[in-house]
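Chemist: Contents are TSV, C-alpha atoms and all ligand atoms; file name model22.tsv:
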chain	number	residue	atom	x	y	z
A	1	ASN	CA	12.96	3.81	31.85
A	2	LEU	CA	10.95	6.08	29.54
A	3	LYS	CA	8.49	4.44	27.15
A	4	SER	CA	8.69	5.60	23.53
A	5	THR	CA	5.67	7.50	22.31
A	6	TYR	CA	5.09	7.72	18.57
A	7	LYS	CA	3.01	10.54	17.14
A	8	ILE	CA	0.72	9.27	14.39
A	9	ALA	CA	-1.13	11.55	11.97
A	10	SER	CA	-4.36	9.82	11.00
A	11	ILE	CA	-6.05	10.82	7.74
A	12	PRO	CA	-9.19	8.68	7.32
A	13	GLY	CA	-10.29	10.45	4.11
A	14	ASP	CA	-13.30	9.30	2.10
A	15	GLY	CA	-15.69	6.37	1.67
A	16	ILE	CA	-14.77	3.35	3.80
A	17	GLY	CA	-11.52	5.11	4.86
A	18	PRO	CA	-12.99	6.39	8.15
A	19	GLU	CA	-14.50	2.95	8.91
A	20	VAL	CA	-11.26	1.01	8.49
A	21	ILE	CA	-9.09	3.66	10.16
A	22	SER	CA	-11.29	3.87	13.25
A	23	ALA	CA	-11.29	0.04	13.51
A	24	THR	CA	-7.49	0.09	13.24
A	25	ILE	CA	-7.04	2.76	15.88
A	26	ASP	CA	-9.20	0.66	18.26
A	27	VAL	CA	-7.01	-2.36	17.55
A	28	LEU	CA	-3.77	-0.42	18.01
A	29	LYS	CA	-5.01	1.05	21.28
A	30	ALA	CA	-5.82	-2.44	22.56
A	31	LEU	CA	-2.39	-3.64	21.43
A	32	THR	CA	-0.37	-0.86	23.08
A	33	LYS	CA	-2.41	-1.20	26.27
A	34	LYS	CA	-1.86	-4.96	26.37
A	35	LEU	CA	1.88	-4.80	25.61
A	36	GLY	CA	2.62	-1.73	27.71
A	37	THR	CA	6.00	-1.26	26.03
A	38	PHE	CA	5.34	1.85	23.91
A	39	GLU	CA	2.61	4.35	23.18
A	40	LEU	CA	0.90	5.70	20.10
A	41	GLU	CA	-0.60	9.18	20.12
A	42	PHE	CA	-3.10	9.76	17.31
A	43	THR	CA	-4.12	13.09	15.80
A	44	ASP	CA	-7.04	13.00	13.37
A	45	PHE	CA	-7.07	15.19	10.26
A	46	ASP	CA	-10.31	15.82	8.36
A	47	TRP	CA	-8.51	16.07	5.01
A	48	GLY	CA	-10.77	14.67	2.32
A	49	THR	CA	-13.37	15.44	-0.28
A	50	GLU	CA	-15.83	17.11	2.11
A	51	ARG	CA	-13.16	19.65	3.01
A	52	TYR	CA	-12.32	20.14	-0.68
A	53	LEU	CA	-15.94	20.84	-1.57
A	54	LYS	CA	-16.14	23.44	1.23
A	55	THR	CA	-12.73	25.13	0.87
A	56	GLY	CA	-11.34	24.21	-2.57
A	57	ARG	CA	-8.41	22.35	-1.00
A	58	TYR	CA	-7.96	18.85	0.36
A	59	THR	CA	-5.49	20.07	2.97
A	60	PRO	CA	-4.54	23.32	4.65
A	61	GLN	CA	-1.72	25.30	2.92
A	62	ASP	CA	0.89	24.32	5.51
A	63	TYR	CA	0.05	20.60	5.50
A	64	LEU	CA	3.61	19.44	4.80
A	65	GLN	CA	4.98	21.34	7.81
A	66	VAL	CA	2.15	19.87	9.87
A	67	LEU	CA	2.89	16.28	8.76
A	68	LYS	CA	6.64	16.63	9.36
A	69	GLU	CA	5.90	16.84	13.11
A	70	TYR	CA	4.70	13.22	13.10
A	71	ASP	CA	6.52	9.89	13.23
A	72	ALA	CA	4.17	8.27	10.71
A	73	ILE	CA	0.98	8.86	8.75
A	74	LEU	CA	-1.92	6.39	8.75
A	75	PHE	CA	-4.07	7.00	5.68
A	76	GLY	CA	-7.48	5.60	4.70
A	77	SER	CA	-8.50	6.43	1.15
A	78	VAL	CA	-9.29	9.43	-1.01
A	79	GLY	CA	-11.82	9.64	-3.80
A	80	SER	CA	-15.51	10.37	-4.07
A	81	PRO	CA	-18.15	10.26	-6.80
A	82	SER	CA	-18.52	14.04	-6.44
A	83	VAL	CA	-14.96	14.89	-7.59
A	84	PRO	CA	-12.98	13.54	-10.60
A	85	ASP	CA	-10.45	10.96	-9.39
A	86	HIS	CA	-7.41	12.77	-10.79
A	87	ILE	CA	-8.30	15.84	-8.69
A	88	SER	CA	-8.73	13.87	-5.46
A	89	LEU	CA	-5.65	11.68	-5.97
A	90	TRP	CA	-3.36	14.62	-6.76
A	91	GLY	CA	-5.08	16.79	-4.14
A	92	LEU	CA	-4.29	14.52	-1.23
A	93	ARG	CA	-2.45	11.24	-1.67
A	94	LEU	CA	0.12	12.26	-4.25
A	95	ALA	CA	0.36	15.69	-2.61
A	96	ILE	CA	1.77	13.86	0.41
A	97	CYS	CA	3.85	11.03	-1.16
A	98	GLN	CA	5.71	13.08	-3.72
A	99	PRO	CA	6.92	16.12	-1.71
A	100	LEU	CA	7.75	13.93	1.29
A	101	GLN	CA	9.91	11.80	-1.04
A	102	GLN	CA	8.22	8.57	-0.03
A	103	TYR	CA	9.87	6.99	-3.01
A	104	ALA	CA	9.49	3.36	-2.01
A	105	ASN	CA	6.02	1.89	-2.11
A	106	VAL	CA	6.11	-1.53	-0.50
A	107	ARG	CA	3.30	-4.04	-0.92
A	108	PRO	CA	3.61	-7.40	0.84
A	109	THR	CA	1.15	-10.03	-0.39
A	110	ARG	CA	0.44	-13.50	0.89
A	111	ILE	CA	-2.51	-15.79	1.40
A	112	LEU	CA	-3.69	-15.54	4.99
A	113	PRO	CA	-4.57	-18.76	6.84
A	114	GLY	CA	-8.21	-19.75	6.51
A	115	THR	CA	-8.64	-17.76	3.30
A	116	LYS	CA	-8.59	-18.96	-0.28
A	117	SER	CA	-6.80	-17.83	-3.38
A	118	PRO	CA	-8.93	-17.81	-6.53
A	119	LEU	CA	-6.10	-19.89	-8.03
A	120	ALA	CA	-7.25	-23.49	-7.75
A	121	ASN	CA	-3.99	-25.04	-6.60
A	122	CYS	CA	-2.55	-22.22	-4.58
A	123	GLN	CA	-2.27	-22.71	-0.80
A	124	PRO	CA	-1.00	-20.32	1.88
A	125	GLY	CA	2.79	-20.36	1.43
A	126	ASP	CA	2.59	-20.77	-2.35
A	127	LEU	CA	2.14	-17.06	-2.81
A	128	ASP	CA	4.38	-14.91	-0.61
A	129	TRP	CA	5.61	-11.79	-2.36
A	130	VAL	CA	6.78	-8.27	-1.67
A	131	ILE	CA	6.17	-5.83	-4.50
A	132	VAL	CA	8.40	-2.76	-4.46
A	133	ARG	CA	6.94	0.06	-6.50
A	134	GLU	CA	8.83	3.19	-7.56
A	135	ASN	CA	6.66	5.88	-6.00
A	136	SER	CA	8.06	9.27	-7.00
A	137	GLU	CA	8.46	9.51	-10.76
A	138	GLY	CA	7.91	7.36	-13.86
A	139	GLU	CA	4.50	7.36	-15.45
A	140	TYR	CA	2.95	9.31	-12.55
A	141	ALA	CA	5.34	12.26	-12.69
A	142	GLY	CA	2.45	14.47	-13.76
A	143	GLN	CA	4.13	15.93	-16.86
A	144	GLY	CA	2.28	16.40	-20.09
A	145	GLY	CA	-0.53	18.53	-21.35
A	146	ARG	CA	-3.56	18.96	-23.53
A	147	SER	CA	-3.93	21.24	-26.55
A	148	HIS	CA	-7.10	22.06	-28.52
A	149	VAL	CA	-9.18	20.67	-25.67
A	150	GLY	CA	-12.49	19.24	-26.84
A	151	CYS	CA	-11.69	19.71	-30.55
A	152	GLU	CA	-11.59	16.84	-32.99
A	153	HIS	CA	-7.82	17.43	-33.36
A	154	GLU	CA	-7.14	17.54	-29.61
A	155	VAL	CA	-3.66	16.34	-28.56
A	156	ALA	CA	-2.74	15.02	-25.11
A	157	THR	CA	0.63	13.85	-23.83
A	158	GLU	CA	1.52	11.97	-20.65
A	159	LEU	CA	5.26	12.00	-20.21
A	160	SER	CA	7.07	9.38	-18.15
A	161	ILE	CA	10.12	10.63	-16.26
A	162	PHE	CA	12.84	8.20	-15.24
A	163	THR	CA	16.01	9.46	-13.57
A	164	ARG	CA	19.13	7.41	-12.96
A	165	THR	CA	19.08	8.57	-9.32
A	166	GLY	CA	15.42	7.62	-8.93
A	167	VAL	CA	15.89	4.17	-10.44
A	168	ARG	CA	19.10	3.48	-8.53
A	169	ARG	CA	17.65	4.34	-5.14
A	170	ILE	CA	14.53	2.21	-5.62
A	171	ALA	CA	16.63	-0.68	-6.97
A	172	GLN	CA	18.93	-0.48	-3.93
A	173	PHE	CA	15.91	-0.49	-1.67
A	174	ALA	CA	14.37	-3.49	-3.45
A	175	PHE	CA	17.61	-5.47	-3.33
A	176	SER	CA	17.89	-4.87	0.39
A	177	VAL	CA	14.30	-6.08	0.85
A	178	ALA	CA	15.11	-9.21	-1.18
A	179	GLN	CA	18.33	-9.76	0.77
A	180	ASN	CA	16.42	-9.74	4.05
A	181	ARG	CA	13.94	-12.39	2.93
A	182	PRO	CA	14.74	-16.10	3.18
A	183	ARG	CA	14.73	-16.85	-0.56
A	184	LYS	CA	16.84	-13.81	-1.58
A	185	MET	CA	15.23	-13.57	-5.03
A	186	LEU	CA	14.42	-10.44	-6.98
A	187	THR	CA	12.44	-10.21	-10.20
A	188	TYR	CA	12.43	-6.80	-11.89
A	189	VAL	CA	9.78	-5.85	-14.35
A	190	THR	CA	9.98	-3.40	-17.26
A	191	LYS	CA	8.81	-3.14	-20.85
A	192	SER	CA	12.16	-2.56	-22.48
A	193	ASN	CA	11.26	-4.19	-25.76
A	194	ALA	CA	8.61	-1.65	-26.77
A	195	GLN	CA	9.73	1.31	-24.66
A	196	ARG	CA	13.30	1.77	-25.73
A	197	ASN	CA	14.51	4.72	-23.62
A	198	GLY	CA	13.42	4.90	-20.00
A	199	MET	CA	12.84	1.18	-19.69
A	200	VAL	CA	16.21	0.31	-21.18
A	201	MET	CA	17.86	2.66	-18.67
A	202	TRP	CA	15.91	0.87	-15.91
A	203	ASP	CA	17.31	-2.48	-17.01
A	204	GLU	CA	20.86	-1.11	-17.09
A	205	VAL	CA	20.67	0.56	-13.69
A	206	VAL	CA	19.10	-2.50	-12.02
A	207	LYS	CA	21.90	-4.69	-13.41
A	208	GLU	CA	24.52	-2.26	-12.05
A	209	VAL	CA	22.92	-2.24	-8.60
A	210	ALA	CA	22.66	-6.07	-8.67
A	211	GLU	CA	26.47	-6.28	-8.59
A	212	ASP	CA	26.41	-4.93	-5.02
A	213	TYR	CA	24.06	-7.73	-3.91
A	214	PRO	CA	25.78	-10.91	-5.13
A	215	ASP	CA	23.76	-13.09	-2.74
A	216	VAL	CA	20.46	-12.07	-4.38
A	217	THR	CA	19.30	-14.09	-7.41
A	218	VAL	CA	17.96	-11.71	-10.06
A	219	ASP	CA	15.76	-12.20	-13.06
A	220	HIS	CA	13.94	-9.92	-15.48
A	221	MET	CA	10.39	-10.02	-16.86
A	222	LEU	CA	8.48	-7.93	-19.35
A	223	VAL	CA	5.34	-6.67	-17.66
A	224	ASP	CA	2.86	-8.47	-19.91
A	225	ALA	CA	4.58	-11.83	-19.42
A	226	MET	CA	4.78	-11.09	-15.71
A	227	THR	CA	0.97	-11.15	-15.37
A	228	VAL	CA	1.01	-14.69	-16.81
A	229	ARG	CA	3.78	-15.85	-14.46
A	230	MET	CA	2.02	-14.41	-11.41
A	231	VAL	CA	-1.06	-16.45	-12.23
A	232	LEU	CA	0.54	-19.66	-13.48
A	233	ASN	CA	3.65	-19.92	-11.32
A	234	PRO	CA	3.26	-17.84	-8.16
A	235	ARG	CA	5.80	-19.99	-6.30
A	236	SER	CA	8.57	-18.83	-8.64
A	237	LEU	CA	8.38	-15.24	-7.35
A	238	ASP	CA	9.50	-13.53	-4.14
A	239	THR	CA	10.52	-9.84	-4.26
A	240	ILE	CA	9.28	-7.91	-7.28
A	241	LEU	CA	10.56	-4.50	-8.42
A	242	ALA	CA	8.66	-2.41	-10.97
A	243	THR	CA	7.88	1.13	-12.09
A	244	ASN	CA	5.15	3.28	-10.62
A	245	LEU	CA	2.48	2.30	-13.20
A	246	HIS	CA	3.45	-1.33	-13.68
A	247	ALA	CA	3.66	-2.08	-9.97
A	248	ASP	CA	0.37	-0.27	-9.34
A	249	ILE	CA	-1.36	-2.68	-11.69
A	250	LEU	CA	0.60	-5.81	-10.69
A	251	SER	CA	-0.09	-5.21	-7.01
A	252	ASP	CA	-3.86	-5.09	-7.53
A	253	LEU	CA	-3.54	-8.39	-9.38
A	254	ALA	CA	-1.39	-9.72	-6.55
A	255	ALA	CA	-4.01	-8.70	-3.97
A	256	ALA	CA	-6.75	-10.43	-5.93
A	257	LEU	CA	-4.64	-13.60	-6.31
A	258	ALA	CA	-4.04	-13.59	-2.56
A	259	GLY	CA	-7.78	-13.59	-1.92
A	260	SER	CA	-9.05	-10.00	-1.83
A	261	ILE	CA	-8.09	-6.37	-2.24
A	262	GLY	CA	-9.61	-6.08	1.25
A	263	ILE	CA	-6.49	-7.59	2.88
A	264	ALA	CA	-3.70	-5.81	0.99
A	265	PRO	CA	-1.45	-3.27	2.77
A	266	THR	CA	0.93	-0.58	1.51
A	267	ALA	CA	3.80	1.39	2.99
A	268	ASN	CA	4.94	4.60	1.30
A	269	LEU	CA	8.44	4.92	2.70
A	270	ASP	CA	11.05	7.63	2.76
A	271	PRO	CA	13.96	5.22	3.31
A	272	THR	CA	16.22	8.14	4.31
A	273	ARG	CA	13.84	8.75	7.25
A	274	LYS	CA	14.07	12.51	6.74
A	275	ASN	CA	10.29	12.62	6.39
A	276	PRO	CA	7.49	10.61	7.97
A	277	SER	CA	6.35	7.61	5.95
A	278	MET	CA	2.72	6.93	5.09
A	279	PHE	CA	0.83	3.67	5.56
A	280	GLU	CA	-2.46	2.84	3.83
A	281	PRO	CA	-4.52	-0.06	2.57
A	282	ILE	CA	-4.21	-0.63	-1.19
A	283	HIS	CA	-7.95	-0.39	-1.73
A	284	GLY	CA	-9.85	2.80	-2.41
A	285	SER	CA	-13.01	4.39	-1.03
A	286	ALA	CA	-15.31	1.50	-2.06
A	287	PHE	CA	-18.48	3.59	-2.40
A	288	ASP	CA	-20.52	0.49	-3.10
A	289	ILE	CA	-20.11	-0.65	0.52
A	290	THR	CA	-19.52	2.66	2.34
A	291	GLY	CA	-21.54	3.03	5.53
A	292	LEU	CA	-22.79	-0.57	5.48
A	293	GLY	CA	-20.34	-1.97	8.03
A	294	LEU	CA	-19.06	-4.49	5.46
A	295	ALA	CA	-15.56	-3.16	4.78
A	296	ASN	CA	-12.78	-5.63	5.44
A	297	PRO	CA	-10.51	-3.96	8.01
A	298	VAL	CA	-7.71	-6.53	7.57
A	299	ALA	CA	-5.87	-4.50	4.90
A	300	THR	CA	-5.61	-1.61	7.34
A	301	PHE	CA	-4.65	-3.86	10.28
A	302	TRP	CA	-1.85	-5.34	8.16
A	303	THR	CA	-0.93	-1.78	7.13
A	304	ALA	CA	-0.69	-0.84	10.81
A	305	SER	CA	1.58	-3.83	11.38
A	306	GLU	CA	3.87	-2.55	8.60
A	307	MET	CA	3.85	0.85	10.31
A	308	LEU	CA	4.91	-0.68	13.63
A	309	HIS	CA	7.78	-2.50	11.86
A	310	TRP	CA	8.94	0.78	10.36
A	311	LEU	CA	8.79	2.50	13.76
A	312	GLY	CA	11.06	-0.24	15.13
A	313	GLU	CA	8.34	-2.04	17.12
A	314	SER	CA	8.73	-5.34	15.29
A	315	GLU	CA	7.55	-7.53	18.13
A	316	ALA	CA	4.28	-5.61	18.37
A	317	ALA	CA	3.99	-5.72	14.59
A	318	MET	CA	4.29	-9.50	14.61
A	319	SER	CA	1.85	-9.91	17.51
A	320	LEU	CA	-0.70	-7.87	15.58
A	321	MET	CA	-0.33	-10.08	12.49
A	322	VAL	CA	-0.62	-13.23	14.57
A	323	ALA	CA	-3.88	-11.91	16.01
A	324	VAL	CA	-5.19	-11.08	12.52
A	325	GLU	CA	-4.15	-14.49	11.17
A	326	ASN	CA	-5.80	-16.31	14.06
A	327	VAL	CA	-9.06	-14.49	13.37
A	328	CYS	CA	-8.87	-15.38	9.67
A	329	ALA	CA	-8.02	-18.98	10.50
A	330	ALA	CA	-11.12	-19.11	12.74
A	331	GLY	CA	-13.24	-18.14	9.73
A	332	ILE	CA	-14.23	-14.73	11.08
A	333	VAL	CA	-13.90	-12.94	7.75
A	334	THR	CA	-15.87	-10.42	5.72
A	335	ARG	CA	-17.88	-11.13	2.55
A	336	ASP	CA	-15.06	-10.27	0.14
A	337	LEU	CA	-13.28	-13.32	1.61
A	338	GLY	CA	-16.40	-15.45	1.41
A	339	GLY	CA	-17.39	-14.98	5.06
A	340	GLN	CA	-20.35	-13.51	6.93
A	341	ALA	CA	-18.70	-11.13	9.39
A	342	GLY	CA	-18.88	-7.34	9.29
A	343	THR	CA	-16.15	-4.79	10.03
A	344	LYS	CA	-17.07	-4.69	13.71
A	345	GLU	CA	-17.08	-8.46	14.26
A	346	VAL	CA	-13.65	-8.83	12.67
A	347	THR	CA	-12.33	-5.89	14.70
A	348	ASP	CA	-13.75	-7.23	17.98
A	349	ALA	CA	-12.32	-10.68	17.24
A	350	VAL	CA	-8.84	-9.23	16.62
A	351	ILE	CA	-9.05	-7.28	19.89
A	352	GLN	CA	-10.05	-10.50	21.71
A	353	GLU	CA	-6.97	-12.21	20.21
A	354	ILE	CA	-4.79	-9.31	21.35
A	355	LEU	CA	-6.11	-9.67	24.90
A	356	LYS	CA	-4.83	-13.29	24.83
A	357	ILE	CA	-1.22	-12.26	24.15
A	358	ASN	CA	0.95	-13.11	27.15
A	401	LIG	P1	-11.89	0.32	-4.56
A	401	LIG	O1	-10.69	-0.34	-4.00
A	401	LIG	O2	-12.48	1.42	-3.77
A	401	LIG	O3	-13.02	-0.80	-4.79
A	401	LIG	C1	-12.89	-1.88	-5.70
A	401	LIG	C2	-13.80	-3.04	-5.26
A	401	LIG	O4	-13.22	-3.68	-4.13
A	401	LIG	C3	-15.18	-2.59	-4.82
A	401	LIG	O5	-16.13	-3.55	-5.22
A	401	LIG	C4	-15.09	-2.55	-3.33
A	401	LIG	O6	-16.31	-2.77	-2.65
A	401	LIG	C5	-14.10	-3.66	-3.04
A	401	LIG	N1	-13.33	-3.35	-1.81
A	401	LIG	C6	-12.34	-2.42	-1.71
A	401	LIG	N2	-11.88	-2.38	-0.45
A	401	LIG	C7	-12.59	-3.28	0.25
A	401	LIG	C8	-12.58	-3.70	1.62
A	401	LIG	N3	-11.72	-3.16	2.52
A	401	LIG	N4	-13.44	-4.65	2.00
A	401	LIG	C9	-14.29	-5.19	1.13
A	401	LIG	N5	-14.34	-4.86	-0.18
A	401	LIG	C10	-13.50	-3.91	-0.61
A	401	LIG	O7	-11.51	0.83	-6.02
A	401	LIG	P2	-12.34	1.72	-7.06
A	401	LIG	O8	-13.79	1.35	-7.00
A	401	LIG	O9	-11.61	1.64	-8.32
A	401	LIG	O10	-12.17	3.21	-6.56
A	401	LIG	C11	-13.09	3.89	-5.72
A	401	LIG	C12	-12.52	5.24	-5.35
A	401	LIG	O11	-11.37	5.08	-4.54
A	401	LIG	C13	-12.11	6.10	-6.54
A	401	LIG	O12	-12.45	7.44	-6.26
A	401	LIG	C14	-10.60	5.93	-6.60
A	401	LIG	O13	-9.94	7.03	-7.17
A	401	LIG	C15	-10.28	5.83	-5.11
A	401	LIG	N6	-9.03	5.12	-4.82
A	401	LIG	C16	-8.21	5.67	-3.90
A	401	LIG	C17	-7.05	5.05	-3.52
A	401	LIG	C18	-6.21	5.68	-2.47
A	401	LIG	O14	-6.62	6.61	-1.81
A	401	LIG	N7	-5.00	5.22	-2.24
A	401	LIG	C19	-6.63	3.77	-4.12
A	401	LIG	C20	-7.59	3.24	-5.07
A	401	LIG	C21	-8.74	3.91	-5.41
A	402	MG	MG	-3.83	1.15	-7.48
For the file at hand, write its structure as structure tokens.
Ligand code: NAI
Ligand code: MG

Modeler:
Amino acid sequence: NLKSTYKIASIPGDGIGPEVISATIDVLKALTKKLGTFELEFTDFDWGTERYLKTGRYTPQDYLQVLKEYDAILFGSVGSPSVPDHISLWGLRLAICQPLQQYANVRPTRILPGTKSPLANCQPGDLDWVIVRENSEGEYAGQGGRSHVGCEHEVATELSIFTRTGVRRIAQFAFSVAQNRPRKMLTYVTKSNAQRNGMVMWDEVVKEVAEDYPDVTVDHMLVDAMTVRMVLNPRSLDTILATNLHADILSDLAAALAGSIGIAPTANLDPTRKNPSMFEPIHGSAFDITGLGLANPVATFWTASEMLHWLGESEAAMSLMVAVENVCAAGIVTRDLGGQAGTKEVTDAVIQEILKIN
């Protein structure tokens, strides 16, 4: 009766990344010890801006081979005031997601018990969404260029790339997410009135894929109108599918509407499971609170729960979320949620809840 052991690559990165990742590893260690049904083996990688400033690279040359040895990647954040953000993002986060074909970025959002939405009439249960973001192409494909740099007549292009294969696979993924949720509703978001090529193809492909999921109710929104609906009628939404750029923006809005960016998790999935998937909080390095012990670790705890689901340890994943929700319900929350607690108090409280699992 061999216990499964999962190998986890941990990349804390910059800013508050190391603070929330170390809190999460403590929580996961307490959880696996308490449950005794599987093990997690963590390896820490010092890939981040400090390494870049010393060596000119965020990662070693063979980093993809290294990562492929792991069952999952737990990521903190990358970005520092000392390096332009497009260098750090492409140097580490996108350098992992894109080659490992983690084409589905999944962002569950709901209001946790004991916390408040900034929307006056919105209670826990009124906002319960999963945003599925295309994560491999679109507006973040990295194509384009600059000519006559710095001159008055400088020209810059940023080309969006949409492939039928890329849109179909993310649509299929999103429909299967919607199908597995109680309400079986999918809203897809484009901007096919103004952008008449790639976005129109998106609409066509999503409609084709919809035919294979007759039990899922589908509707379409233009991205600008979608921001209004998210704020004014959150109950009308469930699973949301959008492009790389649109979903990036909508999911920050979603996190804010659910109470704080400090609770919001992300999974970067390779649904084919050929490569390890990567799990990270939505938030960034948060320099304004780095080193102060104020970072909300809940986003990374929730992220870890998503990771356990993906590894097939759903019971552990649910136990972890119950522990987190109990701590929120007890009012032990950080300042971003209107509370008084620091990272350590929230972490200790979640560990105490885990010790109560029977
Ligand atoms: P940010 O998410 O780091 O911070 C935005 C605001 O939210 C700040 O006021 C911050 O204090 C607060 N906040 C964020 N996480 C929090 C937490 N866990 N608990 C409490 N408060 C929290 O976004 P910003 O300021 O736009 O970016 C800072 C850096 O992070 C930049 O270098 C950016 O490129 C990078 N970044 C990296 C990401 C990644 O690695 N996936 C994602 C987003 C930003
Ligand atoms: Mg973002």

Chemist: Pick out the residues sitting within 12 Å of Met278 (chain A), and hand them over as an MDAnalysis selection string; count all atoms listed in the file, and ignore anything fewer than 6 positions along from it in its own chain.

Modeler: chainID A and resid 8:11 67:68 70:77 93:98 100:106 135 265:271 303:304 306:308 310:311

Chemist: Which neighbours of Gly91 (chain A) fall inside 9 Å, counting only C-alpha atoms, when residues of the same chain fewer than 4 positions from it are skipped, and could you give them as a CSV table (one decimal) with C-alpha atoms, in the coordinates of the input?

Modeler:
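Produced file selection.csv, reproduced below:
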chain,number,residue,atom,x,y,z
A,48,GLY,CA,-10.8,14.7,2.3
A,52,TYR,CA,-12.3,20.1,-0.7
A,57,ARG,CA,-8.4,22.4,-1.0
A,58,TYR,CA,-8.0,18.8,0.4
A,59,THR,CA,-5.5,20.1,3.0
A,86,HIS,CA,-7.4,12.8,-10.8
A,87,ILE,CA,-8.3,15.8,-8.7
A,95,ALA,CA,0.4,15.7,-2.6
A,96,ILE,CA,1.8,13.9,0.4

Chemist: Using all atoms listed in the file, pick whichever of A:Glu158, A:Arg146, A:Val132, A:Met230 has the shortest atom-to-atom distance to Tyr188 (chain A).

Modeler: A:Val132

Chemist: Taking (16.6, -10.8, -11.2) as a centre in this file's frame and 7 Å as the limit, can you find every polymer residue with an atom that close, using all atoms listed in the file, and give them as an MDAnalysis selection string?

Modeler: chainID A and resid 185:188 217:220

Chemist: Using all atoms listed in the file, which residues sit within 12 Å of Gly339 (chain A) once same-chain residues fewer than 5 positions away are excluded, as a VMD selection string?

Modeler: chain A and resid 114 to 116 259 to 260 294 to 296 327 to 334 345 to 346

Chemist: Name each residue within 9 Å of ligand LIG 401 (chain A), counting only C-alpha atoms and all ligand atoms, as a PyMOL selection string.

Modeler: chain A and resi 13-17+20+75-86+88-89+92-94+260-264+280-290+294-300+334-337+343

Chemist: Smallest atom-to-atom distance to ligand MG 402 (chain A): which of A:Ile249, A:Leu222, A:Ala178, A:Val231, using only C-alpha atoms and all ligand atoms?

Modeler: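 Using only C-alpha atoms and all ligand atoms, the shortest distance to ligand MG 402 (chain A) belongs to A:Ile249.
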
Chemist: Skip Val350 (chain A) itself and residues of its chain fewer than 4 positions away, then list as a PyMOL selection string all residues within 9 Å of it, counting all atoms listed in the file.

Modeler: chain A and resi 27+320+323-327+345-346+354-355

Chemist: Excluding same-chain residues fewer than 3 positions from Val205 (chain A), what lies within 8 Å of it counting only C-alpha atoms, as a list in words?

Modeler: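 In the requested form, the answer reads Arg164, Val167, Arg168, Ala171, Met201, Trp202, Glu208 and Val209 of chain A.
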
Chemist: So how many Å separate CA of Asp252 (chain A) and CA of Gly166 (chain A), to one decimal?

Modeler: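 Separating CA of Asp252 (chain A) from CA of Gly166 (chain A) is a distance of 23.1 Å.
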
Chemist: Which residue gives the smallest distance to ligand MG 402 (chain A) among A:Asp248, A:Glu313, A:Asp46, A:Glu139, with only C-alpha atoms and all ligand atoms counted?

Modeler: A:Asp248

Chemist: Rounded to one decimal in Å, what is the spacing between CA of Pro124 (chain A) and CA of Ala317 (chain A)?

Modeler: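 Between these atoms lies a distance of 20.0 Å.
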
Chemist: Mind pulling up the distance from CA of Ser305 (chain A) to CA of Asn244 (chain A)?

Modeler: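 Separation between CA of Asn244 (chain A) and CA of Ser305 (chain A): 23.4 Å.
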
Chemist: Using only C-alpha atoms, which of the listed residues (A:Gly138, A:Gly291, A:Pro182, A:Pro234) sits closest to Ala247 (chain A)?

Modeler: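 Using only C-alpha atoms, Ala247 (chain A) sits closest to A:Gly138.
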